[in-house]
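**Student:** Handing you this structure, nothing more for now.
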Amino acid sequence: MTSFTMNRRTLLKGAAASGLILPATGLYTPALAQSNRERVIFATTQEPVQFNPLLYANGGTDTIVEALVFDALWDIDDKGNFIPNLAAELPTRENGGISEDGKTWKINLKRDVKWSDGQPFTAKDVEFTYKTIIDPKVAARSRSGFDLIDSLKVVDDHTVEIVLKRAYVPFYWAWQSMHIVPHHLLSAEADINTSGFNMNPIGTGAYLLKSRTAGSHMVYEANPNYHRGAPQIPQFIHKFVPDQLVAYGQMKTGEIDHFGLMGIPFDRWEEAQKLPDRRFYFNPQPYVQFIYFNTEKPQFKDPKVRKALYIACEMQKSIDDINFGSTPRTLSYLHTEHWAYNKDLKEETANPVLAAKMLDEAGWLIGSDGIREKDGVKLKFSCSTTAGVPSRQAAQALFQQNWKQIGVDMEIKNMPGSVVWGDYTTKHQYDTLLVAWEPPVGMDPDYSSRCHSNAISNGANYTQYKNPKVDELLDLGVTQTNVEERKETYAKVQQILLDEVPFAPQFSVVQGNMNVSALQNIKPNQYVTDAAWNVHEWKWA
């Protein structure tokens, strides 16, 4: 795997260019939240709604639960290295864990790992997790890679052998992003999609979920028998603060210890760097922010219409004026520094004159009320995102103005994260979304789960986009072992997506996160979506 490093030239004036971490200095009266070293109060603007790691997840929010309660076979650290977790070692060709043709994987599991209810973790749990993922009746978040497994055999209680139909290059990533669930609790469930387990999970992870107060917080307690060593902080409180500015205020006053996911509002970054006894740091994320189009809605069926709407948007202005230039512009679902990013993609925004011409050519003409229409359908729609995020709301207002200038009527319709990213998104009820998504298979460029036609009903293709050529290229890319050949394949995918715009890329996400200085071992990780990925290492100074 090749890691990538964010280009920091666009970050705020005055930011430290020598490193990622910006430590704060100075004296500060100990805050209420800091006075109790038996707990940590972690805040996000969104609330988790589903706790089974195999099902649909609101990445970054629901994955907080995963990071605390569950384990994967292996993790990826902040340097981009895969590291064993439930696996005793990382399978490689060198240690005999992977066959020369890349199709047979033998995975040795740790011994003496227990689920939090005291039952032993075994190879049957890995087998059951795989079978659940590929079950067509299960609303699995992704089947990428797992659908290429020809057989998974339990050799003994601590060994599984997997045979692939063909070599699958991102197979490490597939397992890293899937946490293991308990066979002994879920195998008898009639329908995992509606199981009570999904709200009351049992895992092998560092913490146990003890209570949830909807709309307020969740309380976790340390797992004293955790196989990587008991966490040093006995209690973890996940607090939900829907308004980003309010959460920042609580970070300043000490009502919370760590503000992750979305993080500090862009217009507060300069101030945040100067706060005493607070550690502010730039945190590149694997997300790209997009405008998502529901391509089955009559307004968006024609790629030419989607393209016109895209090029009418002042994308760079949204970055410069709203994000203070802190988020790099991308024309793809990949960050510009990713090894597979297509550097030949051309910027086409903003061009309202061409956008209007394209809509005219597509038959969407301006009516007597100033709004374009075709065949009795108005070019009128809603745009939704998480309520309480000022930068997204400002971007929506800008795009609303851009579209109004070319005869398009967009209504802003924002909701709490638990609502907008639930059935509203997964069951294709939306018109457009302003959303940040990560590649579903870690940092591999495979984007099958987001735009392959077979992922519409069984995956994360929420735009309902279909293109046989894209399907063909995606199927090819995961089989190629030569990096340059893969790069060429995914360059073609990116060009088609930019031409047909099922989703309009805006920028690569960089967050400004913060924790109290006394909270140690917080490691920013640009390869994962869970801000608590190494929570078992956190401690108070």
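How things are named: the first chain in the structure tokens is A, the next is B, and so on; residues count from 1 in each chain; ligands count from 1 in the order shown.
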I'd like the contact shell of stretch 497-501 of chain A - 10 Å cut-off, only C-alpha atoms, skipping same-chain residues fewer than 3 positions apart - returned as a count of residues only.
**Tutor:** 31
**Student:** Which residues come within 12 Å of A:Val528, counting only C-alpha atoms, excluding same-chain residues fewer than 5 positions away, as a PyMOL selection string?
**Tutor:** chain A and resi 59-60+63-64+66-67+75-82+173+176-177+261+283-287+437-444+523+533-534
**Student:** Taking the chain letters and numbering used in this document, name the residues of stretch 45-178 of chain A that DSSP puts in strand (DSSP E or B), as a VMD selection string.
**Tutor:** chain A and resid 55 72 74 to 76 82 to 84 87 98 104 to 109 114 120 140 149 to 156 159 to 164
**Student:** Run DSSP on the backbone and tell me which residues of stretch 283-354 of chain A come out as alpha helix (DSSP H); list them as a list in words.
**Tutor:**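 Residues of stretch 283-354 of chain A classed as alpha helix (DSSP H): Pro303, Lys304, Val305, Arg306, Lys307, Ala308, Leu309, Tyr310, Ile311, Met315, Gln316, Lys317, Pro352, Val353 and Leu354 of chain A.
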**Student:** Got a sec: who's within 9 Å of stretch 108-123 of chain A, counting only C-alpha atoms, leaving out chain neighbours fewer than 2 positions off, as an MDAnalysis selection string?
**Tutor:** chainID A and resid 69 73 85:91 97 106 125:128 154:161 182:184 202:205 207:208 223 225:227
**Student:** At a cut-off of 10 Å, using only C-alpha atoms, what residues contact A:Leu209? Leave out same-chain residues fewer than 2 positions from it and give the result as a PyMOL selection string.
**Tutor:** chain A and resi 65+68-69+199-203+207+211-212+218-223+236-237
**Student:** For A:Asn294, which residue out of A:Thr426, A:Asn351, A:Asn342, A:Thr194 is the nearest one, using only C-alpha atoms?
**Tutor:** A:Thr426
**Student:** Between A:Tyr56, A:Phe266, A:Phe282, A:Trp403, which one has atoms that come closest to A:Ser142, using only C-alpha atoms?
**Tutor:** A:Tyr56
**Student:** For A:Leu54, find every residue with an atom within 7 Å (counting only C-alpha atoms), except residues of its own chain fewer than 6 positions away, and show them as a PyMOL selection string.
**Tutor:** chain A and resi 133+140-141+178
**Student:** Between atom CA of A:Val241 and atom CA of A:Ser318, what is the spacing in Å?
**Tutor:**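 Going from atom CA of A:Ser318 over to atom CA of A:Val241, I get 24.9 Å.
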**Student:** Applying 10 Å and only C-alpha atoms, which residues near A:Val353 remain after dropping the ones on its own chain fewer than 4 positions away? List them as a ChimeraX atom specification.
**Tutor:** /A:308,311-312,357-358,405-406
**Student:** Quick one: of A:Thr45, A:Ser391, A:Gln299, A:Thr463, who's nearest to A:Val377, counting only C-alpha atoms?
**Tutor:**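 For A:Val377, the nearest of the given residues is A:Gln299.
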**Student:** Could you check which of A:Gln429, A:Gln46, A:Gln250, A:Asn323 is closest to A:Phe507, using only C-alpha atoms?
**Tutor:**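 Looking at the shortest contact to A:Phe507, the residue is A:Asn323.
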**Student:** Atom CA of A:Leu433 to atom CA of A:His335: how many Å, to one decimal?
**Tutor:**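 Pair atom CA of A:Leu433 / atom CA of A:His335 returns 19.8 Å.
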